[in-house]
Structure formats: structure tokens, C-alpha cells
Amino acid sequence: MHDAEALTGLMQVSQSAGRGEEAAGAGKKVFIKTFGCQMNVYDSERMADVLAPAGYTGTEDLREASLVILNTCHIREKAAEKVYSELGRIRQVQEARRRAGRDLVIAVAGCVAQAEGQEMALRAPAIGIVVGPQSYHRLPMLLEEHAKSGKTVIETEFPAAEKFGELPSPKRRAAPSAFLTAQEGCDKFCTFCVVPYTRGAEYSRPAAEILDEARRLTDRGVVEITLLGQNVNAYRGAGPSGGGWDLPDLLAALSDIPELQRLRFTTSHPNEMTAKLIAAHRDLSKLMPYLHLPFQAGSDRILKAMNRKHTMADYFRIVEELRAARPDIALSTDVIVGFPGETEEDFEETMRTAEKVQFAQAYSFKYSARPGTPAAEHDDQIAEEVKAERLARLQALLSAQQAAFNKAMAGRTLDVLWEAPGRKDGQLSGRSPYLQAVHAEGAHTLLGRITATEIVSASQNSLHGVIKN
């Protein structure tokens, strides 16, 4: 799943717990910082839901927090170092609060916590709680345990099925779009990836559970849902009436919810892009014409070394079938450069792939060794300066493609979902069907609505439009 740290930044958790709950927990504030992918954004929201009955409300001011949660990601380079750097800053606030007679509990959650729990407790004794991504539903109990013992509490062992069974209903959200986890974990074991070790084996939530959560979200004003999973198109969940459902079945059922106007899903593996799922892009009008489909490397030799289990011929066939089913579909992708053993010719095949497919958006990274993964043990690692040079060439190409895709929107009329006030007075910020950021002048009464919007100009990262009618 692509990195969304820039998207999430400092996340203020939901403050919409009932007023009675807030009064019962007067003074209990939680500050959550989210690193990484959209699934971590979802998990942070659910942690807020879990803590609300215990009286916690959200804050954006670290200094007034009595609980800080760092929801971590282990995918990118130096992930753990970023967490320790953040812990140093928080430790200073913790000491200042203690001098004033107030406590501050530090909790580290997510994939770094899962991978390095014991080491983190030893290296940073200021941490009160270390909790893995399958265990955060136990946060209130872990806080009680920490308060009683005064020691670091580590919890990383519970299965996903138990977590989803214990989570409370989502609280009210102001945003009209929401993430909803359908699938967790991964059985693919790509040689560069830690997800199978930090998120565990693939687990698909029962369809009825997902549909119930979707209805609760739409009851609170959500009109767009993005289904999440490490391999969301590998979804194989129990159907409401028995039997198994796949992702197209789930998307079709979600499309029948009248209040739900838009559907998306991320992230996908090429091996799970079935003919039935491709047909769903043709047949389901609520499924947006935008798909994130990582190819990771353009060389079959490197794909085999990555254990991706698909070839570039497979990938090109899927792209061709998708565009035949939905001619206006836009594609985004993930790419890794400098994987161990990558030659210049291997890299040129990656460049040719990008030129052939023409991506609307892409996330590209230098390979970085993740401890415990097979690729980290390879003895043919690529020099950093070579990786940096290749990445610069690739990103120049991908940036030009994104700019061209956005520029092609000028003069078109797109349906835009208005999600939030813009940075300027009287401005709204929203998303096109292709997930592009769109800005326009408009009344706040349009928030949560989809309007026809004429695109008048485009930049590298956003569109500017005029709302029609």
C-alpha cells in the first residue's frame, strides 16, 4: 500500500464522542500521529473510537495530551528511526507535564511496534504501551494494566478476527469520505516486504460485518467509501447467507446502499485482478474509474527475484482488459528502483513500462532493506548513488505523466465530491473521480455533495474548477 504520511500528517482524532462521554473523561486528551498507509489512517480512527467510551477526546496540541499514540509504518526506509526521533520530542513534553504534576502515557502502535516491540521497550523506556496492529482494540485494558504496574505493556499477539469482533461502531465523522478495512495481512511474501511479518496472514472480514459498518458510515453522512487491504482484491470473505464472497460480490452489495455514491479500493495485486473484478469496473457505476495497481519493476528477472509471481506480460494484459472494460480508467502504481541485482537494462525496462502504460499518478522509491526479509540478505545490493540517479530519472518521467494527465482535464466537466473548506476564504476542496485534488469557489453548504464542476486549469498536483449551476 502506498505511503500516505504526507496525506495524514498530524491527525486529530474524532471529537464526536457523546457529550456525556466527554464529561465523564474531563481532561483526558489523546494525540495521535499517523505514519504510513491508508490502513493506518483507518486504524487511527478506530483507536479513537475504542478510546471514546473511556472518556478520551482528541487534541491537535501535544502539550495538552494525557495520551500520545504513534501509529507506525514499517514499509519505508528508516521507519523505526523516524519513530525514535518523534519519541525524543514527546519525551520532553512528558517530562514537562510530570514537573507540573500531570502524566503523559506514550503508546507506540502499528507495524514498527509489531516488529520491534521488545527492542523498543528496552531502547525507549519512556514508552508505556507497545501495541501491534491486531491488538489496538485492547487499548483501554492496556492503559489500565500500565497504570497499575507502571511498566511497559507489550501486546502484539491477537488475531485480526478478534480485533474486528471487538471494535465498537465508528463514531460520527465530519468528512464525507471514509476508509473501511475489508482485508488485512498478506500471503504473497514478496522478498522486499515486511507486511506478512507485521500484519500476518491474509484475513477477510465477513461481508455482513463490512456492509453493517458501511451503513453506519452512510448514516453519519459518508457518501464515498474506500475499501482497504494489503491485498484487497484477494478478499475472500464469508457471505451474509453462507458461502464465500469475493471482492466483486462485496462491491456489488455496497453499490446497493442508496446513500453511498462512490466506491474505491486499494491496494491491489496483479495476480488477484480477475476477469470478474475487471467486469465490475464496467458494470458498477459507483465504482470510480481509478485503480492503484503496483507493478514494482518492469523486468521479469527482477520480478522473479521479488517473488511477485506475475510477469510484465500479465500486467500489460490486465491493463489492456481494464481499459477495454472502462476506457476512462486512470491507473496509479508503485515502483521500486535499485532492487538487489538490478542492472541498467532491468531499470530501462521499468522506464519502458511507465512509458507504455502512462500512469495518472505513481509512488516510486529506492529499494531499502527491511530487516528480516529475504532481499535484505542478498549480496548484490545496489549502491545508493546508483539508486538515487535511477529514481530521479523515473520520477521525472512519472511527474511529467501526472502533469499531462491533469492538464488534459482542463475544459472538461467532472463530478467533484466536496470534502472540506479550502485554504482560502470561500474556497472548497474536493476530489474528482480520478482522485485528483480539486479547488473551487463555493458555499460550505456544498460540503458532502457531488457537483458538476468545469475544470479551468491544472497544476502538477491539483485542479481548479468552477462549480456549475
# chains A, B, ... in the order shown; residues from 1 in each chain; ligands from 1
$ residues_around --residues "Gly128 in chain A" --least-positions-apart "6" --cutoff "9 Å" --atoms "only C-alpha atoms" --output "list in words"
Val105, Ile106, Ala107, Val108, Ala121, Leu143, His146, Ala147, Gly150, Lys151, Thr152, Val153 and Ile154 of chain A
$ write_last_selection --atoms "N, CA and C atoms" --output "PDB file, in the first residue's frame"
ATOM      1  N   VAL A 105       1.080   9.354  29.013  1.00  0.00           N
ATOM      2  CA  VAL A 105       1.383   7.986  28.601  1.00  0.00           C
ATOM      3  C   VAL A 105       1.699   7.991  27.114  1.00  0.00           C
ATOM      4  N   ILE A 106       2.789   7.329  26.754  1.00  0.00           N
ATOM      5  CA  ILE A 106       3.195   7.212  25.355  1.00  0.00           C
ATOM      6  C   ILE A 106       2.915   5.787  24.893  1.00  0.00           C
ATOM      7  N   ALA A 107       2.162   5.667  23.812  1.00  0.00           N
ATOM      8  CA  ALA A 107       1.879   4.367  23.217  1.00  0.00           C
ATOM      9  C   ALA A 107       2.410   4.343  21.791  1.00  0.00           C
ATOM     10  N   VAL A 108       3.074   3.261  21.427  1.00  0.00           N
ATOM     11  CA  VAL A 108       3.519   3.049  20.050  1.00  0.00           C
ATOM     12  C   VAL A 108       2.707   1.897  19.483  1.00  0.00           C
ATOM     13  N   ALA A 121      10.839  -1.298  23.788  1.00  0.00           N
ATOM     14  CA  ALA A 121      10.669  -1.133  25.226  1.00  0.00           C
ATOM     15  C   ALA A 121      12.013  -0.963  25.921  1.00  0.00           C
ATOM     16  N   LEU A 143      -4.104   0.312  28.931  1.00  0.00           N
ATOM     17  CA  LEU A 143      -3.887   1.526  29.737  1.00  0.00           C
ATOM     18  C   LEU A 143      -4.084   1.231  31.219  1.00  0.00           C
ATOM     19  N   HIS A 146      -1.066  -0.745  32.436  1.00  0.00           N
ATOM     20  CA  HIS A 146       0.099   0.120  32.597  1.00  0.00           C
ATOM     21  C   HIS A 146      -0.032   0.987  33.847  1.00  0.00           C
ATOM     22  N   ALA A 147      -1.243   1.513  34.088  1.00  0.00           N
ATOM     23  CA  ALA A 147      -1.450   2.366  35.259  1.00  0.00           C
ATOM     24  C   ALA A 147      -1.211   1.596  36.563  1.00  0.00           C
ATOM     25  N   GLY A 150       2.881   0.326  36.229  1.00  0.00           N
ATOM     26  CA  GLY A 150       3.906   1.326  35.980  1.00  0.00           C
ATOM     27  C   GLY A 150       4.973   0.857  35.015  1.00  0.00           C
ATOM     28  N   LYS A 151       4.771  -0.308  34.415  1.00  0.00           N
ATOM     29  CA  LYS A 151       5.748  -0.873  33.489  1.00  0.00           C
ATOM     30  C   LYS A 151       5.246  -0.807  32.043  1.00  0.00           C
ATOM     31  N   THR A 152       6.184  -0.967  31.115  1.00  0.00           N
ATOM     32  CA  THR A 152       5.803  -1.010  29.705  1.00  0.00           C
ATOM     33  C   THR A 152       5.004  -2.273  29.432  1.00  0.00           C
ATOM     34  N   VAL A 153       3.852  -2.104  28.800  1.00  0.00           N
ATOM     35  CA  VAL A 153       2.981  -3.220  28.455  1.00  0.00           C
ATOM     36  C   VAL A 153       3.111  -3.485  26.959  1.00  0.00           C
ATOM     37  N   ILE A 154       3.394  -4.729  26.598  1.00  0.00           N
ATOM     38  CA  ILE A 154       3.568  -5.096  25.194  1.00  0.00           C
ATOM     39  C   ILE A 154       2.484  -6.091  24.812  1.00  0.00           C
TER      40      ILE A 154
END
$ residues_around --residues "Phe189 in chain A" --least-positions-apart "3" --cutoff "10 Å" --atoms "only C-alpha atoms" --output "PyMOL selection string"
chain A and resi 186+192-197+201+306-308+373-374
$ select_by_dssp --residues "range 81-282 of chain A" --states "helix (DSSP H, G or I)" --output "number ranges by chain"
A: 81-99, 111-123, 136-149, 160-166, 195-198, 207-219, 232-234, 247-255, 270-272, 275-282
$ write_last_selection --atoms "C-alpha atoms" --output "mmCIF file, in the first residue's frame"
data_model
loop_
_atom_site.group_PDB
_atom_site.id
_atom_site.type_symbol
_atom_site.label_atom_id
_atom_site.label_comp_id
_atom_site.auth_asym_id
_atom_site.auth_seq_id
_atom_site.Cartn_x
_atom_site.Cartn_y
_atom_site.Cartn_z
ATOM 1 C CA GLU A 81 14.409 5.887 13.242
ATOM 2 C CA LYS A 82 11.562 8.299 12.488
ATOM 3 C CA VAL A 83 9.635 6.871 15.418
ATOM 4 C CA TYR A 84 12.572 7.204 17.823
ATOM 5 C CA SER A 85 13.117 10.791 16.678
ATOM 6 C CA GLU A 86 9.475 11.564 17.388
ATOM 7 C CA LEU A 87 9.746 9.828 20.767
ATOM 8 C CA GLY A 88 12.586 12.159 21.729
ATOM 9 C CA ARG A 89 10.381 15.195 21.153
ATOM 10 C CA ILE A 90 7.473 13.663 23.034
ATOM 11 C CA ARG A 91 9.733 12.669 25.927
ATOM 12 C CA GLN A 92 10.488 16.353 26.537
ATOM 13 C CA VAL A 93 6.764 17.115 26.737
ATOM 14 C CA GLN A 94 6.277 14.123 29.033
ATOM 15 C CA GLU A 95 8.920 15.415 31.442
ATOM 16 C CA ALA A 96 7.437 18.930 31.411
ATOM 17 C CA ARG A 97 3.975 17.576 32.216
ATOM 18 C CA ARG A 98 5.328 15.473 35.068
ATOM 19 C CA ARG A 99 7.030 18.502 36.573
ATOM 20 C CA CYS A 111 3.785 -2.261 12.290
ATOM 21 C CA VAL A 112 7.011 -0.972 13.880
ATOM 22 C CA ALA A 113 5.516 -1.864 17.247
ATOM 23 C CA GLN A 114 4.691 -5.353 15.968
ATOM 24 C CA ALA A 115 8.160 -5.895 14.506
ATOM 25 C CA GLU A 116 10.302 -4.345 17.236
ATOM 26 C CA GLY A 117 8.170 -4.381 20.380
ATOM 27 C CA GLN A 118 10.666 -5.807 22.875
ATOM 28 C CA GLU A 119 13.552 -3.803 21.427
ATOM 29 C CA MET A 120 11.518 -0.586 21.568
ATOM 30 C CA ALA A 121 10.669 -1.133 25.226
ATOM 31 C CA LEU A 122 14.365 -1.539 26.029
ATOM 32 C CA ARG A 123 15.596 1.305 23.850
ATOM 33 C CA TYR A 136 -5.352 -1.993 19.422
ATOM 34 C CA HIS A 137 -8.932 -2.883 20.345
ATOM 35 C CA ARG A 138 -7.436 -3.698 23.771
ATOM 36 C CA LEU A 139 -6.075 -0.183 24.359
ATOM 37 C CA PRO A 140 -8.362 0.661 27.342
ATOM 38 C CA MET A 141 -7.317 -2.579 29.088
ATOM 39 C CA LEU A 142 -3.656 -1.981 28.266
ATOM 40 C CA LEU A 143 -3.887 1.526 29.737
ATOM 41 C CA GLU A 144 -5.335 0.088 32.934
ATOM 42 C CA GLU A 145 -2.590 -2.527 33.091
ATOM 43 C CA HIS A 146 0.099 0.120 32.597
ATOM 44 C CA ALA A 147 -1.450 2.366 35.259
ATOM 45 C CA LYS A 148 -1.423 -0.478 37.791
ATOM 46 C CA SER A 149 2.064 -1.808 37.076
ATOM 47 C CA ALA A 160 -7.418 -9.887 13.225
ATOM 48 C CA ALA A 161 -10.724 -11.734 13.593
ATOM 49 C CA GLU A 162 -10.812 -10.944 17.308
ATOM 50 C CA LYS A 163 -9.899 -7.305 16.708
ATOM 51 C CA PHE A 164 -12.740 -6.637 14.287
ATOM 52 C CA GLY A 165 -15.175 -8.513 16.517
ATOM 53 C CA GLU A 166 -14.315 -6.264 19.469
ATOM 54 C CA VAL A 195 3.857 -6.927 5.791
ATOM 55 C CA PRO A 196 3.447 -10.731 6.175
ATOM 56 C CA TYR A 197 5.537 -10.467 9.355
ATOM 57 C CA THR A 198 3.864 -7.365 10.828
ATOM 58 C CA ALA A 207 -19.249 -9.402 4.255
ATOM 59 C CA ALA A 208 -22.161 -8.737 6.619
ATOM 60 C CA GLU A 209 -19.805 -7.018 9.056
ATOM 61 C CA ILE A 210 -18.417 -4.770 6.313
ATOM 62 C CA LEU A 211 -21.891 -3.931 4.996
ATOM 63 C CA ASP A 212 -23.080 -3.041 8.504
ATOM 64 C CA GLU A 213 -20.125 -0.725 9.018
ATOM 65 C CA ALA A 214 -20.738 0.873 5.616
ATOM 66 C CA ARG A 215 -24.382 1.545 6.517
ATOM 67 C CA ARG A 216 -23.356 3.105 9.821
ATOM 68 C CA LEU A 217 -20.953 5.340 7.937
ATOM 69 C CA THR A 218 -23.585 6.451 5.430
ATOM 70 C CA ASP A 219 -25.995 7.123 8.311
ATOM 71 C CA VAL A 232 -7.775 -6.052 -1.004
ATOM 72 C CA ASN A 233 -8.567 -7.730 -4.312
ATOM 73 C CA ALA A 234 -7.645 -11.043 -2.651
ATOM 74 C CA LEU A 247 -14.350 -8.506 -3.906
ATOM 75 C CA PRO A 248 -16.731 -8.050 -6.901
ATOM 76 C CA ASP A 249 -19.544 -9.565 -4.819
ATOM 77 C CA LEU A 250 -18.791 -7.159 -1.974
ATOM 78 C CA LEU A 251 -18.579 -4.140 -4.295
ATOM 79 C CA ALA A 252 -21.914 -5.042 -5.886
ATOM 80 C CA ALA A 253 -23.593 -5.295 -2.482
ATOM 81 C CA LEU A 254 -22.117 -1.969 -1.360
ATOM 82 C CA SER A 255 -23.361 -0.381 -4.583
ATOM 83 C CA PRO A 270 -1.978 -8.074 -10.312
ATOM 84 C CA ASN A 271 -2.419 -11.785 -9.572
ATOM 85 C CA GLU A 272 -5.821 -11.103 -7.993
ATOM 86 C CA ALA A 275 -11.989 -11.082 -15.117
ATOM 87 C CA LYS A 276 -14.925 -10.707 -12.715
ATOM 88 C CA LEU A 277 -13.281 -7.776 -10.946
ATOM 89 C CA ILE A 278 -12.372 -6.139 -14.250
ATOM 90 C CA ALA A 279 -16.016 -6.508 -15.305
ATOM 91 C CA ALA A 280 -17.077 -4.772 -12.088
ATOM 92 C CA HIS A 281 -15.302 -1.648 -13.335
ATOM 93 C CA ARG A 282 -17.526 -1.803 -16.391
#
$ closest_residue --among "A:Lys366, A:Lys188, A:Lys387, A:Lys468" --to "Leu414 in chain A" --atoms "only C-alpha atoms"
A:Lys468
$ select_by_dssp --residues "range 382-460 of chain A" --states "strand (DSSP E)" --output "number ranges by chain"
A: 413-421, 427-431, 437-441, 450-458
$ closest_residue --among "A:Thr353, A:Gln261, A:Thr451, A:Gln296" --to "Ser177 in chain A" --atoms "only C-alpha atoms"
A:Gln261
$ atom_distance --atom1 "CA of Glu202 in chain A" --atom2 "CA of Gly229 in chain A"
9.1 Å
$ closest_residue --among "A:Thr57, A:Asp43, A:Arg352, A:Val50" --to "Ala109 in chain A" --atoms "only C-alpha atoms"
A:Asp43
$ closest_residue --among "A:Ala178, A:Asp246, A:Ser364, A:Tyr434" --to "Ala396 in chain A" --atoms "only C-alpha atoms"
A:Ser364
$ residues_around --residues "Glu157 in chain A" --least-positions-apart "6" --cutoff "8 Å" --atoms "only C-alpha atoms" --output "list in words"
Gly132, Gln134 and Ser135 of chain A
$ write_last_selection --atoms "C-alpha atoms" --output "mmCIF file, in the first residue's frame"
data_model
loop_
_atom_site.group_PDB
_atom_site.id
_atom_site.type_symbol
_atom_site.label_atom_id
_atom_site.label_comp_id
_atom_site.auth_asym_id
_atom_site.auth_seq_id
_atom_site.Cartn_x
_atom_site.Cartn_y
_atom_site.Cartn_z
ATOM 1 C CA GLY A 132 0.521 -4.268 17.346
ATOM 2 C CA GLN A 134 -4.136 -6.607 15.504
ATOM 3 C CA SER A 135 -4.375 -5.644 19.191
#
$ atom_distance --atom1 "CA of Ser429 in chain A" --atom2 "CA of Ala182 in chain A"
27.2 Å
$ residues_around --residues "Asp334 in chain A" --least-positions-apart "4" --cutoff "9 Å" --atoms "only C-alpha atoms" --output "ChimeraX atom specification"
/A:1-2,292-297,362-365
$ write_last_selection --atoms "N, CA and C atoms" --output "mmCIF file, in the first residue's frame"
data_model
loop_
_atom_site.group_PDB
_atom_site.id
_atom_site.type_symbol
_atom_site.label_atom_id
_atom_site.label_comp_id
_atom_site.auth_asym_id
_atom_site.auth_seq_id
_atom_site.Cartn_x
_atom_site.Cartn_y
_atom_site.Cartn_z
ATOM 1 N N MET A 1 0.852 -1.184 0.000
ATOM 2 C CA MET A 1 0.000 0.000 0.000
ATOM 3 C C MET A 1 0.881 1.225 0.000
ATOM 4 N N HIS A 2 0.527 2.239 -0.815
ATOM 5 C CA HIS A 2 1.446 3.335 -0.950
ATOM 6 C C HIS A 2 1.462 4.207 0.290
ATOM 7 N N HIS A 292 -5.375 1.644 -8.266
ATOM 8 C CA HIS A 292 -3.969 1.567 -7.880
ATOM 9 C C HIS A 292 -3.517 0.133 -8.074
ATOM 10 N N LEU A 293 -2.585 -0.075 -9.014
ATOM 11 C CA LEU A 293 -2.155 -1.422 -9.393
ATOM 12 C C LEU A 293 -0.626 -1.459 -9.485
ATOM 13 N N PRO A 294 0.059 -1.770 -8.385
ATOM 14 C CA PRO A 294 1.524 -1.775 -8.391
ATOM 15 C C PRO A 294 2.108 -2.800 -9.358
ATOM 16 N N PHE A 295 3.176 -2.395 -10.062
ATOM 17 C CA PHE A 295 3.915 -3.387 -10.855
ATOM 18 C C PHE A 295 5.318 -3.595 -10.295
ATOM 19 N N GLN A 296 5.837 -2.639 -9.529
ATOM 20 C CA GLN A 296 7.071 -2.704 -8.743
ATOM 21 C C GLN A 296 8.350 -2.690 -9.571
ATOM 22 N N ALA A 297 8.414 -3.426 -10.658
ATOM 23 C CA ALA A 297 9.607 -3.412 -11.519
ATOM 24 C C ALA A 297 9.211 -3.893 -12.898
ATOM 25 N N ALA A 362 1.844 8.009 -9.510
ATOM 26 C CA ALA A 362 2.707 6.885 -9.153
ATOM 27 C C ALA A 362 3.502 7.230 -7.909
ATOM 28 N N TYR A 363 3.840 6.186 -7.180
ATOM 29 C CA TYR A 363 4.665 6.295 -5.978
ATOM 30 C C TYR A 363 5.914 5.462 -6.216
ATOM 31 N N SER A 364 7.058 6.123 -6.238
ATOM 32 C CA SER A 364 8.303 5.434 -6.588
ATOM 33 C C SER A 364 9.327 5.650 -5.483
ATOM 34 N N PHE A 365 10.120 4.613 -5.223
ATOM 35 C CA PHE A 365 11.023 4.619 -4.084
ATOM 36 C C PHE A 365 12.306 3.886 -4.432
#
$ closest_residue --among "A:Ala80, A:Ile450, A:Val456, A:Ala375" --to "Glu224 in chain A" --atoms "only C-alpha atoms"
A:Ile450
$ atom_distance --atom1 "CA of Arg199 in chain A" --atom2 "CA of Val41 in chain A"
15.0 Å
$ closest_residue --among "A:Arg423, A:Ile467, A:His310, A:Glu64" --to "Gly442 in chain A" --atoms "only C-alpha atoms"
A:Ile467
$ residues_around --residues "Ala330 in chain A" --least-positions-apart "6" --cutoff "12 Å" --atoms "only C-alpha atoms" --output "ChimeraX atom specification"
/A:281,288-293,319,322-323,357-362,401-402,405-406,432-436
$ write_last_selection --atoms "N, CA and C atoms" --output "mmCIF file, in the first residue's frame"
data_model
loop_
_atom_site.group_PDB
_atom_site.id
_atom_site.type_symbol
_atom_site.label_atom_id
_atom_site.label_comp_id
_atom_site.auth_asym_id
_atom_site.auth_seq_id
_atom_site.Cartn_x
_atom_site.Cartn_y
_atom_site.Cartn_z
ATOM 1 N N HIS A 281 -15.618 -3.027 -12.933
ATOM 2 C CA HIS A 281 -15.302 -1.648 -13.335
ATOM 3 C C HIS A 281 -16.176 -1.194 -14.498
ATOM 4 N N MET A 288 -15.396 4.014 -8.863
ATOM 5 C CA MET A 288 -14.724 5.109 -9.540
ATOM 6 C C MET A 288 -13.692 4.604 -10.557
ATOM 7 N N PRO A 289 -13.493 5.358 -11.646
ATOM 8 C CA PRO A 289 -12.579 4.927 -12.716
ATOM 9 C C PRO A 289 -11.119 5.221 -12.388
ATOM 10 N N TYR A 290 -10.682 4.704 -11.252
ATOM 11 C CA TYR A 290 -9.312 4.933 -10.789
ATOM 12 C C TYR A 290 -8.861 3.691 -10.044
ATOM 13 N N LEU A 291 -7.697 3.147 -10.397
ATOM 14 C CA LEU A 291 -7.225 1.904 -9.793
ATOM 15 C C LEU A 291 -5.738 2.006 -9.500
ATOM 16 N N HIS A 292 -5.375 1.644 -8.266
ATOM 17 C CA HIS A 292 -3.969 1.567 -7.880
ATOM 18 C C HIS A 292 -3.517 0.133 -8.074
ATOM 19 N N LEU A 293 -2.585 -0.075 -9.014
ATOM 20 C CA LEU A 293 -2.155 -1.422 -9.393
ATOM 21 C C LEU A 293 -0.626 -1.459 -9.485
ATOM 22 N N VAL A 319 -3.900 -4.453 -17.888
ATOM 23 C CA VAL A 319 -4.131 -3.049 -18.234
ATOM 24 C C VAL A 319 -4.995 -2.943 -19.487
ATOM 25 N N LEU A 322 -8.579 -3.889 -18.588
ATOM 26 C CA LEU A 322 -9.210 -2.831 -17.797
ATOM 27 C C LEU A 322 -9.652 -1.673 -18.684
ATOM 28 N N ARG A 323 -8.783 -1.269 -19.597
ATOM 29 C CA ARG A 323 -9.104 -0.126 -20.449
ATOM 30 C C ARG A 323 -10.167 -0.481 -21.482
ATOM 31 N N VAL A 357 2.466 2.333 -20.248
ATOM 32 C CA VAL A 357 1.182 2.350 -19.542
ATOM 33 C C VAL A 357 0.633 3.758 -19.386
ATOM 34 N N GLN A 358 1.496 4.749 -19.130
ATOM 35 C CA GLN A 358 1.065 6.134 -18.919
ATOM 36 C C GLN A 358 0.191 6.245 -17.664
ATOM 37 N N PHE A 359 0.849 6.436 -16.520
ATOM 38 C CA PHE A 359 0.164 6.469 -15.236
ATOM 39 C C PHE A 359 -0.319 7.881 -14.896
ATOM 40 N N ALA A 360 -1.494 7.938 -14.280
ATOM 41 C CA ALA A 360 -2.023 9.220 -13.811
ATOM 42 C C ALA A 360 -1.322 9.672 -12.549
ATOM 43 N N GLN A 361 -0.832 8.709 -11.780
ATOM 44 C CA GLN A 361 -0.118 9.008 -10.544
ATOM 45 C C GLN A 361 0.738 7.798 -10.209
ATOM 46 N N ALA A 362 1.844 8.009 -9.510
ATOM 47 C CA ALA A 362 2.707 6.885 -9.153
ATOM 48 C C ALA A 362 3.502 7.230 -7.909
ATOM 49 N N GLN A 401 4.080 12.584 -16.615
ATOM 50 C CA GLN A 401 2.824 11.897 -16.935
ATOM 51 C C GLN A 401 1.675 12.416 -16.081
ATOM 52 N N GLN A 402 1.939 12.618 -14.784
ATOM 53 C CA GLN A 402 0.887 13.136 -13.913
ATOM 54 C C GLN A 402 0.473 14.541 -14.339
ATOM 55 N N PHE A 405 -1.654 14.271 -17.440
ATOM 56 C CA PHE A 405 -2.985 13.769 -17.130
ATOM 57 C C PHE A 405 -3.852 14.870 -16.535
ATOM 58 N N ASN A 406 -3.298 15.626 -15.607
ATOM 59 C CA ASN A 406 -4.065 16.721 -15.009
ATOM 60 C C ASN A 406 -4.388 17.800 -16.035
ATOM 61 N N SER A 432 -11.899 14.581 -7.561
ATOM 62 C CA SER A 432 -12.508 14.165 -8.812
ATOM 63 C C SER A 432 -12.717 12.657 -8.794
ATOM 64 N N PRO A 433 -13.399 12.098 -9.788
ATOM 65 C CA PRO A 433 -13.486 10.631 -9.870
ATOM 66 C C PRO A 433 -12.122 9.958 -9.964
ATOM 67 N N TYR A 434 -11.116 10.691 -10.449
ATOM 68 C CA TYR A 434 -9.774 10.146 -10.615
ATOM 69 C C TYR A 434 -8.876 10.434 -9.426
ATOM 70 N N LEU A 435 -9.476 10.832 -8.296
ATOM 71 C CA LEU A 435 -8.796 11.076 -7.033
ATOM 72 C C LEU A 435 -7.905 12.320 -7.063
ATOM 73 N N GLN A 436 -8.088 13.170 -8.057
ATOM 74 C CA GLN A 436 -7.335 14.414 -8.098
ATOM 75 C C GLN A 436 -7.916 15.412 -7.108
#
$ residues_around --residues "Ser204 in chain A" --least-positions-apart "6" --cutoff "7 Å" --atoms "only C-alpha atoms" --output "PyMOL selection string"
chain A and resi 182-184+235-237
